[in-house]
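Trainee: I'm passing along input06.cif; it holds mmCIF, C-alpha atoms.
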```cif
data_structure
loop_
_atom_site.group_PDB
_atom_site.id
_atom_site.type_symbol
_atom_site.label_atom_id
_atom_site.label_comp_id
_atom_site.auth_asym_id
_atom_site.auth_seq_id
_atom_site.Cartn_x
_atom_site.Cartn_y
_atom_site.Cartn_z
ATOM 1 C CA MET A 5 -20.372 -91.248 111.936
ATOM 2 C CA GLN A 6 -20.413 -90.463 108.200
ATOM 3 C CA ILE A 7 -24.204 -90.822 108.104
ATOM 4 C CA LYS A 8 -24.464 -88.455 111.091
ATOM 5 C CA ARG A 9 -22.392 -85.806 109.293
ATOM 6 C CA MET A 10 -24.553 -86.084 106.161
ATOM 7 C CA GLU A 11 -27.702 -85.586 108.269
ATOM 8 C CA ASN A 12 -26.192 -82.468 109.904
ATOM 9 C CA ARG A 13 -25.281 -81.002 106.506
ATOM 10 C CA LEU A 14 -28.795 -81.697 105.222
ATOM 11 C CA TRP A 15 -30.377 -79.943 108.203
ATOM 12 C CA LEU A 16 -28.010 -76.966 107.781
ATOM 13 C CA ALA A 17 -28.995 -76.634 104.121
ATOM 14 C CA VAL A 18 -32.685 -76.704 105.061
ATOM 15 C CA LEU A 19 -32.181 -74.020 107.729
ATOM 16 C CA LEU A 20 -30.287 -71.749 105.298
ATOM 17 C CA LEU A 21 -33.051 -72.143 102.707
ATOM 18 C CA VAL A 22 -35.752 -71.236 105.253
ATOM 19 C CA ALA A 23 -33.763 -68.168 106.356
ATOM 20 C CA ALA A 24 -33.329 -67.002 102.750
ATOM 21 C CA LEU A 25 -37.028 -67.368 102.035
ATOM 22 C CA SER A 26 -37.874 -65.412 105.191
ATOM 23 C CA LEU A 27 -35.598 -62.547 104.191
ATOM 24 C CA ALA A 28 -37.087 -62.482 100.710
ATOM 25 C CA GLY A 29 -40.554 -62.286 102.209
ATOM 26 C CA CYS A 30 -39.502 -59.332 104.346
ATOM 27 C CA GLY A 31 -38.162 -57.572 101.271
ATOM 28 C CA MET A 32 -41.609 -57.580 99.681
ATOM 29 C CA SER A 33 -43.281 -56.075 102.733
ATOM 30 C CA ALA A 34 -43.774 -52.460 103.793
ATOM 31 C CA GLY A 35 -40.121 -51.492 103.727
ATOM 32 C CA ASN A 36 -37.130 -50.966 105.983
ATOM 33 C CA SER A 37 -35.973 -48.602 108.686
ATOM 34 C CA GLY A 38 -34.712 -46.101 106.124
ATOM 35 C CA GLY A 39 -38.208 -45.502 104.752
ATOM 36 C CA GLN A 40 -37.422 -46.894 101.266
ATOM 37 C CA LEU A 41 -40.344 -49.091 100.242
ATOM 38 C CA SER A 42 -39.831 -52.126 98.066
ATOM 39 C CA GLN A 43 -41.916 -52.185 94.914
ATOM 40 C CA GLU A 44 -45.261 -53.836 95.597
ATOM 41 C CA GLN A 45 -47.972 -54.886 93.205
ATOM 42 C CA VAL A 46 -50.516 -52.134 92.609
ATOM 43 C CA ASP A 47 -53.699 -53.221 90.869
ATOM 44 C CA GLY A 48 -55.314 -50.848 88.397
ATOM 45 C CA LEU A 49 -52.262 -48.829 87.334
ATOM 46 C CA GLU A 50 -52.153 -50.541 83.958
ATOM 47 C CA LYS A 51 -55.582 -49.079 83.148
ATOM 48 C CA LEU A 52 -54.239 -45.514 83.358
ATOM 49 C CA GLY A 53 -52.050 -45.845 80.263
ATOM 50 C CA LYS A 54 -49.354 -43.278 79.515
ATOM 51 C CA ILE A 55 -48.179 -41.055 82.363
ATOM 52 C CA LYS A 56 -49.187 -37.397 81.902
ATOM 53 C CA VAL A 57 -46.310 -35.396 83.394
ATOM 54 C CA ILE A 58 -47.039 -31.952 84.852
ATOM 55 C CA SER A 59 -44.039 -29.702 85.497
ATOM 56 C CA ARG A 60 -43.504 -26.146 86.702
ATOM 57 C CA GLU A 61 -42.081 -23.507 84.368
ATOM 58 C CA ASP A 62 -38.418 -22.585 83.833
ATOM 59 C CA GLY A 63 -37.320 -20.183 86.575
ATOM 60 C CA SER A 64 -39.556 -21.803 89.181
ATOM 61 C CA GLY A 65 -37.776 -22.465 92.458
ATOM 62 C CA THR A 66 -40.070 -25.419 93.063
ATOM 63 C CA ARG A 67 -39.021 -26.960 89.744
ATOM 64 C CA SER A 68 -35.282 -26.505 90.245
ATOM 65 C CA THR A 69 -35.390 -27.826 93.809
ATOM 66 C CA PHE A 70 -37.572 -30.798 92.845
ATOM 67 C CA ALA A 71 -35.232 -31.699 89.957
ATOM 68 C CA GLU A 72 -32.193 -31.456 92.219
ATOM 69 C CA LEU A 73 -33.661 -33.554 95.028
ATOM 70 C CA ALA A 74 -35.065 -36.185 92.654
ATOM 71 C CA GLY A 75 -31.740 -36.448 90.827
ATOM 72 C CA PHE A 76 -32.356 -35.033 87.345
ATOM 73 C CA ALA A 77 -30.967 -31.491 87.582
ATOM 74 C CA GLY A 78 -27.954 -31.999 85.294
ATOM 75 C CA GLY A 79 -29.194 -30.369 82.117
ATOM 76 C CA GLY A 80 -26.493 -27.694 81.895
ATOM 77 C CA LYS A 81 -26.868 -23.880 81.909
ATOM 78 C CA GLY A 82 -29.208 -24.138 84.892
ATOM 79 C CA ALA A 83 -31.644 -26.401 83.043
ATOM 80 C CA ASP A 84 -32.869 -29.808 84.167
ATOM 81 C CA LEU A 85 -33.693 -33.035 82.361
ATOM 82 C CA THR A 86 -37.488 -32.794 82.470
ATOM 83 C CA ARG A 87 -38.979 -34.582 79.454
ATOM 84 C CA GLU A 88 -39.808 -32.252 76.555
ATOM 85 C CA ASP A 89 -43.460 -33.319 76.292
ATOM 86 C CA ALA A 90 -44.257 -32.418 79.925
ATOM 87 C CA ALA A 91 -47.207 -30.052 80.390
ATOM 88 C CA VAL A 92 -46.107 -26.807 82.076
ATOM 89 C CA ALA A 93 -48.036 -25.036 84.845
ATOM 90 C CA ASP A 94 -46.996 -21.614 86.124
ATOM 91 C CA ASN A 95 -48.275 -21.989 89.703
ATOM 92 C CA ALA A 96 -49.299 -24.604 92.257
ATOM 93 C CA GLU A 97 -53.012 -24.077 91.705
ATOM 94 C CA ALA A 98 -52.593 -24.832 87.989
ATOM 95 C CA VAL A 99 -50.710 -28.038 88.834
ATOM 96 C CA VAL A 100 -53.538 -29.155 91.116
ATOM 97 C CA GLN A 101 -56.155 -28.296 88.484
ATOM 98 C CA GLN A 102 -54.415 -30.303 85.756
ATOM 99 C CA VAL A 103 -53.809 -33.331 87.982
ATOM 100 C CA ALA A 104 -57.380 -33.257 89.302
ATOM 101 C CA GLY A 105 -58.721 -33.268 85.750
ATOM 102 C CA ASP A 106 -56.655 -36.179 84.397
ATOM 103 C CA LYS A 107 -56.534 -39.669 85.937
ATOM 104 C CA ALA A 108 -53.165 -40.328 84.284
ATOM 105 C CA ALA A 109 -51.479 -37.131 85.537
ATOM 106 C CA ILE A 110 -48.720 -36.613 88.106
ATOM 107 C CA GLY A 111 -47.366 -33.318 89.411
ATOM 108 C CA TYR A 112 -45.570 -31.623 92.304
ATOM 109 C CA ALA A 113 -46.239 -28.537 94.381
ATOM 110 C CA SER A 114 -45.709 -26.887 97.747
ATOM 111 C CA TYR A 115 -47.372 -28.807 100.576
ATOM 112 C CA GLY A 116 -48.502 -25.576 102.186
ATOM 113 C CA THR A 117 -50.541 -24.656 99.126
ATOM 114 C CA VAL A 118 -52.091 -28.043 98.252
ATOM 115 C CA ARG A 119 -52.549 -29.768 101.610
ATOM 116 C CA SER A 120 -56.303 -29.122 101.596
ATOM 117 C CA ALA A 121 -56.927 -29.867 97.902
ATOM 118 C CA ALA A 122 -59.769 -32.392 97.712
ATOM 119 C CA ASP A 123 -59.429 -33.699 94.153
ATOM 120 C CA VAL A 124 -55.839 -34.945 94.306
ATOM 121 C CA LYS A 125 -53.914 -37.501 96.342
ATOM 122 C CA ILE A 126 -50.576 -36.783 98.026
ATOM 123 C CA LEU A 127 -48.188 -39.720 97.675
ATOM 124 C CA THR A 128 -45.713 -40.832 100.285
ATOM 125 C CA VAL A 129 -42.139 -40.558 98.974
ATOM 126 C CA ASN A 130 -39.676 -43.337 99.796
ATOM 127 C CA GLY A 131 -42.229 -44.403 102.395
ATOM 128 C CA PHE A 132 -42.286 -41.045 104.224
ATOM 129 C CA ASP A 133 -45.671 -39.437 104.857
ATOM 130 C CA VAL A 134 -45.234 -35.652 104.778
ATOM 131 C CA SER A 135 -48.336 -35.074 106.926
ATOM 132 C CA SER A 136 -46.868 -37.036 109.832
ATOM 133 C CA GLY A 137 -44.066 -34.544 110.385
ATOM 134 C CA LYS A 138 -41.781 -37.455 111.274
ATOM 135 C CA GLY A 139 -38.604 -38.659 109.610
ATOM 136 C CA SER A 140 -36.394 -37.068 106.982
ATOM 137 C CA TYR A 141 -38.832 -36.280 104.193
ATOM 138 C CA PRO A 142 -36.700 -36.346 101.007
ATOM 139 C CA LEU A 143 -38.275 -33.349 99.208
ATOM 140 C CA ARG A 144 -37.804 -30.674 101.881
ATOM 141 C CA ARG A 145 -36.740 -27.127 100.957
ATOM 142 C CA SER A 146 -36.586 -23.579 102.337
ATOM 143 C CA PHE A 147 -38.218 -20.202 101.600
ATOM 144 C CA TYR A 148 -36.115 -17.034 101.483
ATOM 145 C CA LEU A 149 -36.720 -13.295 101.413
ATOM 146 C CA ALA A 150 -33.905 -11.453 99.604
ATOM 147 C CA TYR A 151 -33.016 -7.763 99.428
ATOM 148 C CA SER A 152 -30.305 -5.495 98.060
ATOM 149 C CA GLY A 153 -28.313 -2.873 99.933
ATOM 150 C CA ARG A 154 -29.267 -1.125 103.131
ATOM 151 C CA LEU A 155 -32.807 -1.539 104.409
ATOM 152 C CA SER A 156 -35.108 1.422 104.978
ATOM 153 C CA ASP A 157 -36.880 1.775 108.318
ATOM 154 C CA LEU A 158 -40.041 0.239 106.829
ATOM 155 C CA GLU A 159 -38.184 -2.622 105.160
ATOM 156 C CA GLN A 160 -36.304 -3.428 108.375
ATOM 157 C CA ASP A 161 -39.480 -3.272 110.430
ATOM 158 C CA PHE A 162 -41.304 -5.662 108.093
ATOM 159 C CA LEU A 163 -38.381 -8.094 107.960
ATOM 160 C CA THR A 164 -38.168 -8.039 111.765
ATOM 161 C CA TYR A 165 -41.847 -8.941 111.928
ATOM 162 C CA VAL A 166 -41.569 -11.777 109.358
ATOM 163 C CA THR A 167 -38.589 -13.410 111.088
ATOM 164 C CA GLY A 168 -40.007 -12.864 114.582
ATOM 165 C CA ALA A 169 -43.670 -12.492 115.536
ATOM 166 C CA GLY A 170 -44.760 -13.535 112.043
ATOM 167 C CA GLN A 171 -43.358 -17.022 112.615
ATOM 168 C CA GLU A 172 -46.529 -17.895 114.519
ATOM 169 C CA LEU A 173 -48.468 -17.377 111.300
ATOM 170 C CA VAL A 174 -45.792 -19.242 109.295
ATOM 171 C CA GLY A 175 -46.134 -22.263 111.558
ATOM 172 C CA LYS A 176 -49.808 -22.718 110.741
ATOM 173 C CA SER A 177 -49.102 -24.021 107.225
ATOM 174 C CA PHE A 178 -45.320 -24.268 106.935
ATOM 175 C CA GLY A 179 -42.293 -24.953 109.111
ATOM 176 C CA ALA A 180 -41.376 -22.032 111.362
ATOM 177 C CA VAL A 181 -37.649 -21.229 111.492
ATOM 178 C CA ALA A 182 -37.582 -19.098 114.638
ATOM 179 C CA LYS A 183 -39.447 -18.453 117.848
ATOM 180 C CA ALA A 184 -42.415 -16.100 117.512
ATOM 181 C CA ASP A 185 -41.131 -13.178 119.618
ATOM 182 C CA ARG A 186 -43.107 -10.115 120.673
ATOM 183 C CA PHE A 187 -43.086 -7.326 118.123
ATOM 184 C CA LEU A 188 -43.301 -3.563 118.541
ATOM 185 C CA SER A 189 -43.485 -1.802 115.166
ATOM 186 C CA ASN A 190 -41.631 1.438 114.512
ATOM 187 C CA GLN A 191 -44.723 2.566 112.542
ATOM 188 C CA ALA A 192 -42.642 3.610 109.529
ATOM 189 C CA ALA A 193 -44.720 4.821 106.583
ATOM 190 C CA GLY A 194 -44.393 3.904 102.928
ATOM 191 C CA GLU A 195 -44.897 1.262 100.271
ATOM 192 C CA LEU A 196 -43.204 -2.104 99.785
ATOM 193 C CA LYS A 197 -43.201 -4.248 96.665
ATOM 194 C CA ILE A 198 -42.393 -7.951 96.999
ATOM 195 C CA VAL A 199 -41.948 -10.110 93.866
ATOM 196 C CA GLY A 200 -41.117 -13.758 93.233
ATOM 197 C CA SER A 201 -42.014 -17.367 93.936
ATOM 198 C CA THR A 202 -45.659 -18.375 93.554
ATOM 199 C CA SER A 203 -45.078 -20.933 96.323
ATOM 200 C CA VAL A 204 -44.006 -18.238 98.779
ATOM 201 C CA ALA A 205 -46.526 -15.619 97.608
ATOM 202 C CA PRO A 206 -49.635 -16.910 99.471
ATOM 203 C CA LEU A 207 -47.710 -17.019 102.754
ATOM 204 C CA MET A 208 -46.177 -13.597 102.077
ATOM 205 C CA SER A 209 -49.612 -12.123 101.358
ATOM 206 C CA GLU A 210 -50.817 -13.355 104.752
ATOM 207 C CA LEU A 211 -47.750 -11.936 106.480
ATOM 208 C CA ALA A 212 -48.150 -8.605 104.675
ATOM 209 C CA ALA A 213 -51.821 -8.329 105.666
ATOM 210 C CA ALA A 214 -51.016 -9.161 109.291
ATOM 211 C CA TYR A 215 -48.215 -6.577 109.350
ATOM 212 C CA GLU A 216 -50.443 -3.900 107.814
ATOM 213 C CA GLY A 217 -52.862 -4.546 110.662
ATOM 214 C CA ILE A 218 -50.067 -3.656 113.097
ATOM 215 C CA ASN A 219 -48.562 -0.804 111.079
ATOM 216 C CA THR A 220 -51.408 0.975 109.344
ATOM 217 C CA HIS A 221 -48.965 3.380 107.675
ATOM 218 C CA ALA A 222 -47.574 0.601 105.461
ATOM 219 C CA ASP A 223 -48.872 -0.460 102.041
ATOM 220 C CA ILE A 224 -47.444 -3.778 100.811
ATOM 221 C CA SER A 225 -48.025 -5.385 97.417
ATOM 222 C CA VAL A 226 -47.095 -9.028 96.728
ATOM 223 C CA VAL A 227 -46.575 -9.935 93.063
ATOM 224 C CA PRO A 228 -46.289 -13.670 92.206
ATOM 225 C CA SER A 229 -43.960 -14.611 89.340
ATOM 226 C CA ASN A 230 -41.140 -17.081 90.049
ATOM 227 C CA SER A 231 -37.973 -17.250 92.126
ATOM 228 C CA ALA A 232 -35.585 -16.290 89.312
ATOM 229 C CA ASP A 233 -37.669 -13.265 88.336
ATOM 230 C CA GLY A 234 -38.044 -12.081 91.928
ATOM 231 C CA LEU A 235 -34.320 -12.282 92.641
ATOM 232 C CA THR A 236 -33.397 -10.615 89.339
ATOM 233 C CA ARG A 237 -35.808 -7.732 89.858
ATOM 234 C CA THR A 238 -34.503 -7.267 93.389
ATOM 235 C CA MET A 239 -30.934 -7.014 92.051
ATOM 236 C CA GLN A 240 -32.123 -4.490 89.474
ATOM 237 C CA GLY A 241 -33.880 -2.370 92.106
ATOM 238 C CA GLU A 242 -37.346 -2.946 90.677
ATOM 239 C CA CYS A 243 -38.758 -4.248 93.966
ATOM 240 C CA ASP A 244 -37.902 -4.126 97.667
ATOM 241 C CA PHE A 245 -37.827 -7.872 98.371
ATOM 242 C CA GLY A 246 -37.570 -10.995 96.248
ATOM 243 C CA MET A 247 -39.236 -14.271 97.241
ATOM 244 C CA ALA A 248 -37.322 -17.494 96.552
ATOM 245 C CA SER A 249 -38.404 -21.101 97.076
ATOM 246 C CA ARG A 250 -34.942 -22.496 96.310
ATOM 247 C CA GLU A 251 -31.372 -22.013 97.442
ATOM 248 C CA LEU A 252 -29.753 -18.906 96.028
ATOM 249 C CA LYS A 253 -27.019 -19.394 93.434
ATOM 250 C CA ASP A 254 -23.472 -18.225 94.152
ATOM 251 C CA TYR A 255 -23.734 -15.024 92.131
ATOM 252 C CA GLU A 256 -27.105 -14.217 93.749
ATOM 253 C CA LYS A 257 -25.570 -14.615 97.189
ATOM 254 C CA GLU A 258 -22.812 -12.182 96.220
ATOM 255 C CA LEU A 259 -25.251 -9.520 95.051
ATOM 256 C CA LEU A 260 -28.069 -9.946 97.554
ATOM 257 C CA ASN A 261 -28.696 -10.310 101.255
ATOM 258 C CA TYR A 262 -31.252 -12.943 102.195
ATOM 259 C CA ARG A 263 -33.087 -14.357 105.202
ATOM 260 C CA LEU A 264 -34.617 -17.757 105.795
ATOM 261 C CA ILE A 265 -38.308 -17.269 106.577
ATOM 262 C CA ALA A 266 -39.913 -20.746 106.408
ATOM 263 C CA ASN A 267 -39.399 -24.419 105.618
ATOM 264 C CA ASP A 268 -41.628 -26.256 103.183
ATOM 265 C CA ASP A 269 -42.073 -29.688 101.612
ATOM 266 C CA ILE A 270 -42.606 -30.379 97.931
ATOM 267 C CA VAL A 271 -45.289 -33.036 97.598
ATOM 268 C CA VAL A 272 -46.015 -35.364 94.695
ATOM 269 C CA ILE A 273 -49.678 -35.459 93.705
ATOM 270 C CA VAL A 274 -51.774 -37.738 91.505
ATOM 271 C CA ASN A 275 -55.459 -37.898 90.656
ATOM 272 C CA LYS A 276 -57.620 -39.079 93.564
ATOM 273 C CA ASP A 277 -58.637 -42.160 91.514
ATOM 274 C CA ASN A 278 -55.032 -43.262 90.988
ATOM 275 C CA PRO A 279 -54.440 -46.455 93.069
ATOM 276 C CA LEU A 280 -50.769 -45.613 93.735
ATOM 277 C CA THR A 281 -49.942 -44.563 97.306
ATOM 278 C CA ASN A 282 -46.122 -44.473 97.408
ATOM 279 C CA ILE A 283 -43.396 -43.500 94.976
ATOM 280 C CA THR A 284 -39.603 -43.531 95.183
ATOM 281 C CA LEU A 285 -37.148 -40.825 94.167
ATOM 282 C CA GLU A 286 -35.768 -43.186 91.533
ATOM 283 C CA GLN A 287 -39.245 -43.644 90.034
ATOM 284 C CA LEU A 288 -39.802 -39.874 90.031
ATOM 285 C CA LYS A 289 -36.534 -39.405 88.174
ATOM 286 C CA GLY A 290 -37.620 -42.027 85.625
ATOM 287 C CA ILE A 291 -41.027 -40.424 85.132
ATOM 288 C CA TYR A 292 -39.773 -36.867 84.722
ATOM 289 C CA THR A 293 -36.906 -37.776 82.391
ATOM 290 C CA GLY A 294 -39.069 -40.062 80.245
ATOM 291 C CA GLU A 295 -37.414 -43.348 81.181
ATOM 292 C CA LEU A 296 -40.754 -44.501 82.609
ATOM 293 C CA ALA A 297 -43.533 -43.770 80.142
ATOM 294 C CA GLY A 298 -46.523 -45.812 81.335
ATOM 295 C CA TRP A 299 -48.195 -46.329 84.699
ATOM 296 C CA GLN A 300 -47.978 -50.108 84.270
ATOM 297 C CA GLU A 301 -44.203 -49.803 84.728
ATOM 298 C CA LEU A 302 -44.854 -48.825 88.365
ATOM 299 C CA SER A 303 -47.304 -51.646 89.015
ATOM 300 C CA GLY A 304 -44.659 -54.060 90.328
ATOM 301 C CA LYS A 305 -46.045 -56.880 88.206
#
```
For this file, write the structure as structure tokens.
Mentor:
Amino acid sequence: MQIKRMENRLWLAVLLLVAALSLAGCGMSAGNSGGQLSQEQVDGLEKLGKIKVISREDGSGTRSTFAELAGFAGGGKGADLTREDAAVADNAEAVVQQVAGDKAAIGYASYGTVRSAADVKILTVNGFDVSSGKGSYPLRRSFYLAYSGRLSDLEQDFLTYVTGAGQELVGKSFGAVAKADRFLSNQAAGELKIVGSTSVAPLMSELAAAYEGINTHADISVVPSNSADGLTRTMQGECDFGMASRELKDYEKELLNYRLIANDDIVVIVNKDNPLTNITLEQLKGIYTGELAGWQELSGK
């Protein structure tokens, strides 16, 4: 009987060991149901050397939203913890250009503006592929159009178009936020000046051109700068609308009215020759704060 019990205990120990090894093997595979990939070995990263970090400028809505979602926004006075030696680009096109020209570079930009860029690679984040449109992509944000006071007939007509019929155009490159209803312009005459986010500006220029085709009495200028500048100039009465690619701050909400006009995803891009395909939010935080300095630290070896 005692021998029988010893045999049973031995078999139980063997079964537990096999189960543990199986679970460990699963942990090194593609990931889990939450989309968080385990770190896998990536050959060739060690050849890239030091990571060249590309950031957007202070005041950029893309920068502030990216820092918040990746977990390094706590710099105080509205600043974030981006490493001091990061190269700064003042628009998405400049980010793409710098990443395309440096094998060791990494950057971030609006998906709507870089989705067709040929010389860079868009990484999956926590295992989520932004192009699939499935799952809860972790770097999702919204675009807003802000204004101060009572709208003129032309301003109201344009805003009605953007949040209604214009959503069909929005949906071609970004996430529409409303049904594209039929639109009948009031044909109000005048000029509109729209200032702000460089991420929103290309979409706004398309919407403005489409609206001018419907209302030929309108003349709309779109001036790219950044979200903070656009909102400030709207509060000061220097423009009719401000474009923002981030959530408005409490004091901005008190002084301005605003409308959601589109949803967008911030994508992480690397040089097309970079062998990396996926990155985690924790790794992004490490890269942009300087805790991770070299590509070999992401190799999983």
Trainee: Apply the PyMOL selection byres ((chain A and resi 223) around 7) to the file shown and report the selected residues as a list in words.
Mentor: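 Applied to this file, the PyMOL selection byres ((chain A and resi 223) around 7) returns Gly194, Glu195, Leu196, Glu216, His221, Ala222, Ile224 and Ser225 of chain A.
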Trainee: Give me, please, the distance in Å between CA of Asn261 in chain A and CA of Phe76 in chain A, quoted to one decimal.
Mentor: 28.6 Å
Trainee: Nearest to Gln101 in chain A among A:Ala182, A:Ile283, A:Val124, A:Leu158, with distances taken over only C-alpha atoms: which residue is it?
Mentor: A:Val124
Trainee: Between A:Ser203, A:Ser59, A:Asn282, A:Thr86, single out the one closest to Arg250 in chain A, counting only C-alpha atoms.
Mentor: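 The closest residue to Arg250 in chain A is A:Ser203.
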Trainee: Choose the residue, out of A:Trp299, A:Ile273, A:Leu52, A:Gly63, that has the smallest atom-to-atom separation from Ala121 in chain A; count only C-alpha atoms.
Mentor: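 Nearest to Ala121 in chain A: A:Ile273.
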Trainee: Could you check the closest approach to Gln45 in chain A for each of A:Gly298, A:Ala90, A:Thr281, A:Ala150 and tell me which residue wins, using only C-alpha atoms?
Mentor: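 Closest to Gln45 in chain A of all the choices is A:Thr281.
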Trainee: Taking the file as shown, what set of residues would the PyMOL selection byres ((chain A and resi 242) around 12) give back, as a list of chain:residue names?
Mentor: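 Selection result, ordered by chain and number: A:Tyr151, A:Ser152, A:Leu196, A:Lys197, A:Ile198, A:Val199, A:Gly200, A:Val227, A:Asp233, A:Gly234, A:Leu235, A:Thr236, A:Arg237, A:Thr238, A:Met239, A:Gln240, A:Gly241, A:Cys243, A:Asp244, A:Phe245, A:Gly246.
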Trainee: Given the choices A:Leu85, A:Val274, A:Ala193, A:Ala297, which gets closest to Ile58 in chain A if the distance is worked out from only C-alpha atoms?
Mentor: A:Val274
